[in-house]
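Chemist: Sharing a structure with you now.
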Amino acid sequence: MSTVPGKGLLLKADPIAATFKDEVEKTLANCSHVPKLVGILSTSSLPSRTYAEFTRKQCENFGFQFVLKETGAALPDEGLGEGEGVEEAIMEANEDDSVDGVMVYFPIFGPQQDHYLQQLVSPYKDVEGLHVKFHYNLYHNIRFISPSSLSAPTSSAAGLTGDEAEKDIPPPGMVKSILPCTPLAIVKCLEYAGVYNKILPYGDRAYGKTVVVVNRSEVVGRPLAALLSNDGARVFSVDIDSIQEYTKRPSDPDSSRKYHPRHIVRPPPEAYNTLEACLAVADVVVSAVPNGTYKIPTAWLKDGCVCVNVAAEKNFEKDVRDKASLYIPAVGKVTILMLLRNLLRLQQYKTASLPSTTELPAQ
């Protein structure tokens, strides 16, 4: 953590990731066999290859098995096109009993076809939490599930919501549903920074916080807005052409209901129909815009806010700490720990009953 007089704190991801290192190592040591992760790289994208090599390095450092399956344009000497062979590689990994987790390095073809490929990955091997079953659970605030429910049709009765659960501990016979790695990593960063109030009930610990999430992608922005609002926050989701408000709180102040069982999405009040207006009241600002020229003006930030940069490019101006009380410039090292925790959980999903000798990581 870096401090400069008159400026907010600079908090790098390393100490946050370190809080999960022992947990992952302990859980791995109790596994019946070393989990195996298969990464599928099918494009010539340099960022995707860099991430693949970063995944390999982290897996090897912790003692996980990692196999990089290259196909398509990732094999330049084979004369194959972008994404060629990726579907076959996914199916092969799904059918291989020695494989515990599968991750595909996106983007490949574009949002629609990539979404199709995400659904091809077996939910029992989806370390990234991108399968529709996990997204359904996330958006419906279903936190605890039975592993066998992943083989059944999606149902609102598939598990317990955060409001039904009294503690952050799955009931007997249930486990935590897989969450997308990057949104979960951001939540863990905010917990570390003290944004979440641990005194409040589980499932409502972000109550009282206003959060702005810039970029409503299906991989990061939208699921993050849902996670935060399901935890009690008021979230303004800002995209290139619209602003949406995510909240569990009823719009009617006279309602007898304290909050909805899961978040609802609605247009923001007229006073908050611009990014500048939203930022003026935001306790937390998270930006994930994949554009090197995009910058959030420091002058628009609320004094004392917490800022989190998720994109590979820096979305905040250099003087962001003149207004922010705390700035987290990257979350990648926390994201990889969330991926490994998901891999450990998926290994347990293979059986309906969980071995008592192996302790699942908490979410």
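Just so we're on the same page: first chain in the structure tokens is A, next is B, and so on; residues restart at 1 for each chain, and ligands are numbered from 1 in the order they show up.
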For Cys189 in chain A, find every residue with an atom within 9 Å (counting only C-alpha atoms), except residues of its own chain fewer than 2 positions away, and show them as an MDAnalysis selection string.
Modeler: chainID A and resid 13 16:17 184:187 191:195 308 328 331 334
Chemist: Once you have the residues from the selection above, write them out as a compact mmCIF listing (two decimals), in the first residue's frame, restricted to all heavy atoms.
Modeler:
# COMPACT_ATOMS: atom_id res chain seq x y z
N ALA A 13 -3.02 -5.11 -5.89
CA ALA A 13 -3.77 -6.36 -5.69
C ALA A 13 -3.02 -7.38 -4.83
O ALA A 13 -3.64 -8.28 -4.27
CB ALA A 13 -4.11 -6.97 -7.05
N ILE A 16 -4.21 -8.17 -1.26
CA ILE A 16 -5.57 -8.72 -1.29
C ILE A 16 -5.51 -10.19 -1.71
O ILE A 16 -6.13 -11.06 -1.09
CB ILE A 16 -6.47 -7.92 -2.24
CG1 ILE A 16 -6.42 -6.43 -1.92
CG2 ILE A 16 -7.91 -8.43 -2.19
CD1 ILE A 16 -7.12 -5.54 -2.91
N ALA A 17 -4.73 -10.47 -2.75
CA ALA A 17 -4.57 -11.85 -3.21
C ALA A 17 -3.94 -12.72 -2.13
O ALA A 17 -4.30 -13.90 -1.99
CB ALA A 17 -3.72 -11.87 -4.48
N LEU A 184 -16.30 -11.37 -8.92
CA LEU A 184 -16.06 -11.83 -7.55
C LEU A 184 -14.77 -11.23 -6.99
O LEU A 184 -14.72 -10.83 -5.82
CB LEU A 184 -15.99 -13.36 -7.51
CG LEU A 184 -15.73 -13.99 -6.14
CD1 LEU A 184 -16.80 -13.58 -5.14
CD2 LEU A 184 -15.66 -15.51 -6.26
N ALA A 185 -13.74 -11.13 -7.83
CA ALA A 185 -12.48 -10.52 -7.39
C ALA A 185 -12.68 -9.06 -6.98
O ALA A 185 -12.11 -8.59 -5.99
CB ALA A 185 -11.43 -10.62 -8.50
N ILE A 186 -13.51 -8.35 -7.73
CA ILE A 186 -13.78 -6.95 -7.40
C ILE A 186 -14.49 -6.85 -6.06
O ILE A 186 -14.17 -5.98 -5.22
CB ILE A 186 -14.60 -6.29 -8.52
CG1 ILE A 186 -13.79 -6.27 -9.82
CG2 ILE A 186 -15.01 -4.86 -8.13
CD1 ILE A 186 -14.62 -5.96 -11.06
N VAL A 187 -15.46 -7.72 -5.83
CA VAL A 187 -16.16 -7.74 -4.54
C VAL A 187 -15.17 -7.99 -3.41
O VAL A 187 -15.23 -7.34 -2.35
CB VAL A 187 -17.28 -8.80 -4.54
CG1 VAL A 187 -17.82 -9.02 -3.13
CG2 VAL A 187 -18.42 -8.37 -5.46
N GLU A 191 -14.38 -5.70 -0.21
CA GLU A 191 -14.45 -6.20 1.16
C GLU A 191 -13.15 -5.87 1.91
O GLU A 191 -13.18 -5.41 3.05
CB GLU A 191 -14.69 -7.71 1.17
CG GLU A 191 -16.09 -8.11 0.76
CD GLU A 191 -16.30 -9.61 0.78
OE1 GLU A 191 -15.29 -10.36 0.82
OE2 GLU A 191 -17.46 -10.05 0.76
N TYR A 192 -12.03 -6.10 1.27
CA TYR A 192 -10.72 -5.82 1.86
C TYR A 192 -10.59 -4.33 2.19
O TYR A 192 -10.01 -3.97 3.23
CB TYR A 192 -9.62 -6.24 0.89
CG TYR A 192 -8.21 -6.12 1.44
CD1 TYR A 192 -7.58 -7.21 2.05
CD2 TYR A 192 -7.49 -4.94 1.32
CE1 TYR A 192 -6.29 -7.11 2.53
CE2 TYR A 192 -6.19 -4.83 1.81
CZ TYR A 192 -5.60 -5.92 2.41
OH TYR A 192 -4.31 -5.81 2.90
N ALA A 193 -11.13 -3.49 1.32
CA ALA A 193 -11.02 -2.04 1.50
C ALA A 193 -11.99 -1.50 2.55
O ALA A 193 -11.97 -0.30 2.86
CB ALA A 193 -11.25 -1.33 0.16
N GLY A 194 -12.86 -2.37 3.07
CA GLY A 194 -13.79 -1.94 4.10
C GLY A 194 -15.09 -1.37 3.59
O GLY A 194 -15.86 -0.78 4.37
N VAL A 195 -15.36 -1.52 2.31
CA VAL A 195 -16.62 -1.02 1.75
C VAL A 195 -17.81 -1.81 2.31
O VAL A 195 -18.87 -1.26 2.59
CB VAL A 195 -16.60 -1.08 0.21
CG1 VAL A 195 -17.97 -0.76 -0.37
CG2 VAL A 195 -15.55 -0.12 -0.33
N VAL A 308 -11.78 1.68 -8.50
CA VAL A 308 -11.20 0.40 -8.90
C VAL A 308 -11.11 0.36 -10.41
O VAL A 308 -12.12 0.49 -11.11
CB VAL A 308 -12.05 -0.79 -8.40
CG1 VAL A 308 -11.38 -2.11 -8.77
CG2 VAL A 308 -12.27 -0.71 -6.89
N ILE A 328 -7.47 1.33 -6.45
CA ILE A 328 -6.96 -0.01 -6.78
C ILE A 328 -6.76 -0.04 -8.29
O ILE A 328 -7.73 -0.03 -9.05
CB ILE A 328 -7.94 -1.11 -6.34
CG1 ILE A 328 -8.19 -1.01 -4.83
CG2 ILE A 328 -7.41 -2.49 -6.70
CD1 ILE A 328 -9.24 -1.97 -4.31
N VAL A 331 -6.90 -5.70 -10.77
CA VAL A 331 -7.44 -6.77 -9.93
C VAL A 331 -7.03 -8.16 -10.42
O VAL A 331 -7.49 -9.17 -9.89
CB VAL A 331 -8.98 -6.69 -9.85
CG1 VAL A 331 -9.43 -5.36 -9.26
CG2 VAL A 331 -9.63 -6.92 -11.22
N VAL A 334 -5.98 -10.98 -8.02
CA VAL A 334 -7.08 -11.50 -7.21
C VAL A 334 -7.97 -12.39 -8.07
O VAL A 334 -8.46 -13.43 -7.62
CB VAL A 334 -7.89 -10.35 -6.59
CG1 VAL A 334 -8.98 -10.90 -5.67
CG2 VAL A 334 -6.98 -9.40 -5.82
Chemist: I want to know what sits within 12 Å of Thr210 in chain A, based on only C-alpha atoms, with residues of the same chain fewer than 3 positions away left out; could you give that as a VMD selection string?
Modeler: chain A and resid 195 to 196 206 to 207 213 225 228 to 229 231 to 237 245 to 247 278 to 286 302 305 to 306
Chemist: Give me every helix (DSSP H, G or I) residue in range 247-293 of chain A, going by DSSP on the backbone, as a short mmCIF file (atom, residue, chain, number, x, y, z; two decimals) with C-alpha atoms, in the first residue's frame.
Modeler:
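File out_39.cif, as written:
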data_model
loop_
_atom_site.label_atom_id
_atom_site.label_comp_id
_atom_site.auth_asym_id
_atom_site.auth_seq_id
_atom_site.Cartn_x
_atom_site.Cartn_y
_atom_site.Cartn_z
CA GLU A 270 -34.13 11.92 -13.76
CA ALA A 271 -31.49 13.59 -11.59
CA TYR A 272 -29.08 10.73 -12.34
CA LEU A 275 -22.39 9.83 -15.68
CA GLU A 276 -21.32 13.08 -14.04
CA ALA A 277 -24.42 13.16 -11.84
CA CYS A 278 -23.95 9.51 -10.81
CA LEU A 279 -20.27 9.99 -9.97
#
Chemist: Kindly indicate which residue among A:Leu11, A:Leu150, A:Ala226, A:Ala330 lies nearest to Ala312 in chain A, using only C-alpha atoms for the distances.
Modeler: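 Counting only C-alpha atoms, the residue closest to Ala312 in chain A is A:Ala330.
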Chemist: Nearest to Lys333 in chain A: which of A:Ser42, A:Ser217, A:Gln58, A:Thr27 is it, counting only C-alpha atoms?
Modeler: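 Smallest separation from Lys333 in chain A among the options: A:Gln58.
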Chemist: Please determine, counting only C-alpha atoms, which residue among A:Val24, A:Ile199, A:Leu75, A:Val219 has the shortest atom-to-atom distance to His115 in chain A.
Modeler: A:Val219
Chemist: Looking at A:Leu10, A:Ile142, A:Val104, A:Val211, which one is nearest to Ile178 in chain A, with distances taken over only C-alpha atoms?
Modeler: A:Ile142
